Amino acid sequence: MNKKALTILFSIGVILTLLVVGCAPEAAPPAAEEEPAAEEEEEATPAAAADKVYEGIWQDVDGSGSDQNLGRGAWAKDLKAASNGRLDITIAPEGEIVPRNEGTPAVKDGVVDIASPAASMDKGRLGNVTYILGSSGLPAGPATIDWIAWAHHGGGLKIMNDLYSDYGYVKGVVGGAAELFAHSHKPLETAADFKGLKFRALGLWGEVLAKHYGASVVQIPGGEVYSAMERGVIDAFELGPAGLNFTFGFQEIAEYVGLPGVQSPGYFKPAVVNKGWFDALPADLQDLLEMELESLALRSFAMISYENAVGSQQFKDYGTEVFYVDEDFQADIAMNTRAMCDDFAADDAVFKSVWDQQNEFFKVWGGVAAITPSYTIYD
C-alpha cells in the first residue's frame, strides 16, 4: 500500500472516531450524579414513615349527638388534617365500647387508646382526691376557666399525670361549663326542700346532699336519667349544662329548672392516654397531640359555654319555670363542702397534698376577679 492510500485510510479513521464521539450522549460527571442519588436514598426511609397512619379510639362520657360529642368529633377531624392524615382518632360516645365508668381501666388494658372520664368516676381507683380533680359535682368549686388555668399553668396536669400513672398518661383536659342546679317537679330553693328527696347526683355533691340535707342520692348514667325521672325512680336530678340537658329533652319531664349551678360551677375531664399507644407515636405526632389537646381545653369550654347560654334560653322559651337557689342555702353548701374537704385532707395524705396546692394556686388566681370589670358595653 502506498503512502497516499495510508494517509486516506488514516483520515477516514479519524473522521469516524469523531463522528462516534460526537453522536454519543455526554457522560455525566460521576460525583455530580452519585451525590443526589445517595441523598434521595437516605430520604426515602423518613418519607415512608411519615406516610404511616396511626389510629386511635377515644371513648368519652358524653352521649351520641350531644354538643360535647359532636365537638370532640370536629376536633378529631381537625387533628387528622393538621397531621396530614397521619393521626386518625375515632370518637366513641358514652358506653359504646365499655361502660361509661370503665373508661380508665379500658385505657390501661388497651381496649381504648384515650378516655375522658368524670374524675369522680375513678373514686374507687384513686380515692377521694378525684373529687378535686376538676370533676363535675364539686359544690362551690372553681369555674371551668379556673380549672383549665390550674391544669395548664398551676401544675394540675402534672398532678393528675402522677395520680393516674398506673392507668395511663394525662395529656390534657376537656373543658365543660357551669351546670344547671336541678330539674324537678317543684322548686328546690332551700335545704328543707331536699329532705327525703330521691335525687340523682354526681361527685361530691351527692355526699354533701346525703350527709347534710337528708336527700336519698341515686347515681344513674346520664342516658338513663330521662326514663328514671319519667317512671318516678327519682324525684329530681342534676346532670350538666343547659345545652346538653335541653338536647336530652329534660324540659319534657320536669316542670322546673334551678339556677345558679352552685353544686357544679364548672368542670373538666382528664384525657387519659394509653402509654403504649402514645409512646409508639413519632415524636412530632406526640407533640402535635399534646398541643391540640391544650387547644381542645379552651375550644370545648367556649363551645359548651355558648351552647349553655343557648340551652338556658331554650328552656325558658319552652315554658320551663325557673327557680333560684336561696343565697343562704348557697353559702351553707359552700361551707359544708369545704368542711368535708378539710376532713378528707386530715385523713388522706394524697388528698391533703392536692388540696393544699390548689388552695395556694386559687388564692393567687382569685386576683383575676378584682381586675376584671363588671360593666360591659353589650346588653
# chains A, B, ... in the order shown; residues from 1 in each chain; ligands from 1
call {"tool": "select_by_dssp", "arguments": {"residues": "range 200-368 of chain A", "states": "strand (DSSP E or B)", "output": "VMD selection string"}}
result
chain A and resid 200 216 to 218 236 to 237 256 to 259 268 to 273 321 to 324
call {"tool": "select_by_dssp", "arguments": {"residues": "range 216-358 of chain A", "states": "alpha helix (DSSP H)", "output": "number ranges by chain"}}
result
A: 225-230, 242-247, 275-279, 283-318, 327-347, 349-358
call {"tool": "closest_residue", "arguments": {"among": "A:Glu327, A:Asp88, A:Glu94, A:Asp342", "to": "Gly65 in chain A", "atoms": "only C-alpha atoms"}}
result
A:Glu94
call {"tool": "atom_distance", "arguments": {"atom1": "CA of Glu290 in chain A", "atom2": "CA of Gly172 in chain A"}}
result
6.9 Å
call {"tool": "residues_around", "arguments": {"residues": "Leu197 in chain A", "least_positions_apart": "4", "cutoff": "12 Å", "atoms": "only C-alpha atoms", "output": "list in words"}}
result
Ser184, His185, Lys186, Leu188, Ala191, Ala192, Asp193, Ala201, Gly206, Leu209, Ala210, Tyr213, Gly214, Ala215, Ser216, Val217, Val218, Gly232, Val233, Ile234, Asp235, Ala236 and Phe237 of chain A
call {"tool": "write_last_selection", "arguments": {"atoms": "all heavy atoms", "output": "compact mmCIF listing (two decimals), in the first residue's frame"}}
result
# COMPACT_ATOMS: atom_id res chain seq x y z
N SER A 184 -86.65 19.48 88.32
CA SER A 184 -87.52 18.96 89.39
C SER A 184 -88.99 19.24 89.08
O SER A 184 -89.33 19.97 88.15
CB SER A 184 -87.14 19.61 90.72
OG SER A 184 -87.26 21.02 90.62
N HIS A 185 -89.84 18.67 89.93
CA HIS A 185 -91.28 18.90 89.82
C HIS A 185 -91.73 20.04 90.73
O HIS A 185 -92.91 20.43 90.69
CB HIS A 185 -92.06 17.64 90.19
CG HIS A 185 -91.80 16.48 89.25
ND1 HIS A 185 -91.99 16.58 87.89
CD2 HIS A 185 -91.39 15.21 89.51
CE1 HIS A 185 -91.69 15.42 87.33
NE2 HIS A 185 -91.34 14.57 88.28
N LYS A 186 -90.83 20.55 91.53
CA LYS A 186 -91.14 21.68 92.42
C LYS A 186 -89.85 22.46 92.65
O LYS A 186 -88.74 21.94 92.43
CB LYS A 186 -91.68 21.16 93.76
CG LYS A 186 -90.66 20.35 94.55
CD LYS A 186 -91.21 19.91 95.91
CE LYS A 186 -90.13 19.19 96.73
NZ LYS A 186 -90.63 18.80 98.08
N LEU A 188 -86.62 23.87 94.38
CA LEU A 188 -85.71 23.35 95.41
C LEU A 188 -84.78 24.48 95.84
O LEU A 188 -83.59 24.48 95.58
CB LEU A 188 -84.90 22.17 94.85
CG LEU A 188 -85.71 20.99 94.30
CD1 LEU A 188 -84.78 19.96 93.65
CD2 LEU A 188 -86.55 20.34 95.40
N ALA A 191 -82.58 24.29 101.89
CA ALA A 191 -82.12 22.99 102.38
C ALA A 191 -83.29 22.06 102.70
O ALA A 191 -83.24 20.86 102.43
CB ALA A 191 -81.24 23.19 103.62
N ALA A 192 -84.35 22.64 103.25
CA ALA A 192 -85.51 21.83 103.66
C ALA A 192 -86.16 21.13 102.47
O ALA A 192 -86.77 20.06 102.62
CB ALA A 192 -86.54 22.71 104.36
N ASP A 193 -86.02 21.70 101.27
CA ASP A 193 -86.65 21.12 100.08
C ASP A 193 -86.02 19.79 99.66
O ASP A 193 -86.61 19.05 98.87
CB ASP A 193 -86.58 22.11 98.91
CG ASP A 193 -87.38 23.37 99.17
OD1 ASP A 193 -88.46 23.26 99.79
OD2 ASP A 193 -86.92 24.46 98.77
N ALA A 201 -77.42 12.55 91.56
CA ALA A 201 -76.31 13.50 91.61
C ALA A 201 -75.00 12.77 91.33
O ALA A 201 -74.89 11.55 91.47
CB ALA A 201 -76.25 14.18 92.98
N GLY A 206 -73.25 14.68 95.72
CA GLY A 206 -74.08 13.59 96.24
C GLY A 206 -73.82 13.32 97.70
O GLY A 206 -74.76 13.10 98.48
N LEU A 209 -75.23 16.24 99.83
CA LEU A 209 -76.69 16.14 99.93
C LEU A 209 -77.12 15.08 100.94
O LEU A 209 -78.03 15.29 101.75
CB LEU A 209 -77.29 15.81 98.57
CG LEU A 209 -77.52 16.96 97.59
CD1 LEU A 209 -78.01 16.42 96.25
CD2 LEU A 209 -78.51 17.97 98.15
N ALA A 210 -76.48 13.94 100.89
CA ALA A 210 -76.86 12.84 101.78
C ALA A 210 -76.50 13.13 103.22
O ALA A 210 -77.28 12.88 104.14
CB ALA A 210 -76.19 11.55 101.31
N TYR A 213 -78.17 17.27 104.04
CA TYR A 213 -79.50 17.75 103.70
C TYR A 213 -80.55 16.64 103.60
O TYR A 213 -81.67 16.90 103.17
CB TYR A 213 -79.43 18.56 102.39
CG TYR A 213 -78.45 19.71 102.50
CD1 TYR A 213 -77.29 19.75 101.73
CD2 TYR A 213 -78.66 20.73 103.43
CE1 TYR A 213 -76.38 20.79 101.86
CE2 TYR A 213 -77.75 21.77 103.57
CZ TYR A 213 -76.61 21.80 102.79
OH TYR A 213 -75.71 22.82 102.93
N GLY A 214 -80.18 15.44 103.97
CA GLY A 214 -81.16 14.36 104.09
C GLY A 214 -81.75 13.84 102.81
O GLY A 214 -82.82 13.21 102.81
N ALA A 215 -81.07 14.05 101.69
CA ALA A 215 -81.57 13.54 100.41
C ALA A 215 -81.22 12.06 100.25
O ALA A 215 -80.22 11.58 100.81
CB ALA A 215 -80.98 14.34 99.25
N SER A 216 -82.03 11.36 99.49
CA SER A 216 -81.74 9.98 99.12
C SER A 216 -81.08 10.02 97.75
O SER A 216 -81.76 10.19 96.73
CB SER A 216 -83.03 9.16 99.08
OG SER A 216 -82.77 7.85 98.65
N VAL A 217 -79.75 9.90 97.73
CA VAL A 217 -78.99 10.14 96.50
C VAL A 217 -78.85 8.87 95.67
O VAL A 217 -78.54 7.79 96.20
CB VAL A 217 -77.60 10.71 96.84
CG1 VAL A 217 -76.78 10.89 95.56
CG2 VAL A 217 -77.74 12.04 97.57
N VAL A 218 -79.10 9.02 94.38
CA VAL A 218 -79.01 7.91 93.42
C VAL A 218 -78.02 8.29 92.34
O VAL A 218 -78.02 9.43 91.85
CB VAL A 218 -80.38 7.62 92.78
CG1 VAL A 218 -80.29 6.45 91.81
CG2 VAL A 218 -81.43 7.35 93.86
N GLY A 232 -90.61 7.82 87.83
CA GLY A 232 -90.68 8.12 89.25
C GLY A 232 -89.62 7.44 90.09
O GLY A 232 -89.71 7.43 91.32
N VAL A 233 -88.60 6.87 89.44
CA VAL A 233 -87.49 6.28 90.18
C VAL A 233 -86.74 7.37 90.95
O VAL A 233 -86.23 7.14 92.05
CB VAL A 233 -86.52 5.54 89.21
CG1 VAL A 233 -85.29 5.03 89.95
CG2 VAL A 233 -87.25 4.40 88.52
N ILE A 234 -86.70 8.56 90.39
CA ILE A 234 -86.12 9.73 91.07
C ILE A 234 -87.13 10.86 91.03
O ILE A 234 -88.01 10.92 90.17
CB ILE A 234 -84.80 10.18 90.40
CG1 ILE A 234 -84.98 10.40 88.88
CG2 ILE A 234 -83.69 9.15 90.66
CD1 ILE A 234 -83.74 10.91 88.18
N ASP A 235 -87.00 11.79 92.01
CA ASP A 235 -87.89 12.95 92.08
C ASP A 235 -87.30 14.16 91.39
O ASP A 235 -88.04 15.06 90.95
CB ASP A 235 -88.15 13.32 93.55
CG ASP A 235 -88.77 12.18 94.34
OD1 ASP A 235 -89.69 11.54 93.80
OD2 ASP A 235 -88.33 11.93 95.48
N ALA A 236 -85.97 14.20 91.32
CA ALA A 236 -85.28 15.35 90.75
C ALA A 236 -83.84 14.93 90.44
O ALA A 236 -83.38 13.86 90.89
CB ALA A 236 -85.29 16.53 91.72
N PHE A 237 -83.12 15.77 89.71
CA PHE A 237 -81.75 15.39 89.35
C PHE A 237 -80.96 16.60 88.88
O PHE A 237 -81.52 17.65 88.56
CB PHE A 237 -81.77 14.34 88.23
CG PHE A 237 -82.39 14.83 86.94
CD1 PHE A 237 -81.60 15.39 85.93
CD2 PHE A 237 -83.75 14.72 86.72
CE1 PHE A 237 -82.17 15.84 84.76
CE2 PHE A 237 -84.34 15.16 85.54
CZ PHE A 237 -83.54 15.73 84.55
call {"tool": "closest_residue", "arguments": {"among": "A:Gly366, A:Pro260, A:Gly103, A:Gly319", "to": "Gly168 in chain A", "atoms": "only C-alpha atoms"}}
result
A:Gly103
call {"tool": "closest_residue", "arguments": {"among": "A:Ala76, A:Ile253, A:Val173, A:Ala349", "to": "Glu230 in chain A", "atoms": "only C-alpha atoms"}}
result
A:Ile253
call {"tool": "closest_atom_pairs", "arguments": {"of": "range 71-161 of chain A", "to": "range 269-287 of chain A", "cutoff": "8 Å", "atoms": "only C-alpha atoms", "output": "CSV"}}
result
residue,atom,partner,partner_atom,distance
A:Ser83,CA,A:Leu285,CA,7.3
A:Leu87,CA,A:Leu285,CA,7.3
A:Thr104,CA,A:Val272,CA,7.0
A:Val107,CA,A:Asn274,CA,5.2
A:Lys108,CA,A:Asn274,CA,6.0
A:Gly110,CA,A:Asn274,CA,6.4
A:Val112,CA,A:Asn274,CA,7.7
A:Asp113,CA,A:Asn274,CA,5.1
A:Ile114,CA,A:Val273,CA,4.5
A:Ala115,CA,A:Val272,CA,5.3
A:Ser116,CA,A:Ala271,CA,4.7
A:Pro117,CA,A:Lys269,CA,5.8
A:Ala118,CA,A:Lys269,CA,5.3
A:Ala119,CA,A:Lys269,CA,6.5
A:Gly134,CA,A:Lys269,CA,6.7
A:Ser135,CA,A:Lys269,CA,6.7
A:Met160,CA,A:Pro270,CA,7.9
call {"tool": "write_last_selection", "arguments": {"atoms": "N, CA and C atoms", "output": "compact mmCIF listing (two decimals), in the first residue's frame"}}
result
# COMPACT_ATOMS: atom_id res chain seq x y z
N SER A 83 -52.29 16.76 60.97
CA SER A 83 -51.22 15.75 60.89
C SER A 83 -51.07 15.19 59.48
N LEU A 87 -52.60 11.01 61.92
CA LEU A 87 -53.16 10.72 63.23
C LEU A 87 -54.68 10.76 63.12
N THR A 104 -61.30 4.47 82.35
CA THR A 104 -59.91 4.49 82.83
C THR A 104 -59.25 3.12 82.77
N VAL A 107 -58.40 2.13 79.23
CA VAL A 107 -57.17 2.72 78.71
C VAL A 107 -55.97 1.89 79.15
N LYS A 108 -55.93 1.53 80.40
CA LYS A 108 -54.81 0.73 80.92
C LYS A 108 -54.68 -0.59 80.15
N GLY A 110 -55.69 -1.21 77.15
CA GLY A 110 -55.57 -1.04 75.71
C GLY A 110 -56.84 -1.32 74.93
N VAL A 112 -59.32 0.82 74.78
CA VAL A 112 -59.40 2.10 74.08
C VAL A 112 -58.06 2.80 74.27
N ASP A 113 -57.77 3.77 73.43
CA ASP A 113 -56.48 4.46 73.49
C ASP A 113 -56.54 5.72 74.33
N ILE A 114 -57.73 6.33 74.39
CA ILE A 114 -57.93 7.54 75.19
C ILE A 114 -59.31 7.45 75.82
N ALA A 115 -59.44 7.94 77.03
CA ALA A 115 -60.74 8.08 77.68
C ALA A 115 -60.76 9.41 78.43
N SER A 116 -61.95 9.97 78.55
CA SER A 116 -62.10 11.22 79.32
C SER A 116 -63.23 11.04 80.31
N PRO A 117 -62.94 10.42 81.45
CA PRO A 117 -63.98 10.20 82.45
C PRO A 117 -64.23 11.46 83.28
N ALA A 118 -65.37 11.52 83.92
CA ALA A 118 -65.50 12.47 85.02
C ALA A 118 -64.62 11.89 86.13
N ALA A 119 -63.69 12.68 86.63
CA ALA A 119 -62.69 12.14 87.55
C ALA A 119 -63.32 11.43 88.74
N GLY A 134 -61.05 18.56 89.08
CA GLY A 134 -61.85 19.17 88.02
C GLY A 134 -63.16 18.48 87.77
N SER A 135 -63.57 17.61 88.70
CA SER A 135 -64.75 16.79 88.46
C SER A 135 -66.04 17.59 88.54
N MET A 160 -52.23 15.31 88.00
CA MET A 160 -53.12 14.25 87.50
C MET A 160 -52.33 13.15 86.81
call {"tool": "atom_distance", "arguments": {"atom1": "CA of Leu138 in chain A", "atom2": "CA of Ser264 in chain A"}}
result
5.3 Å
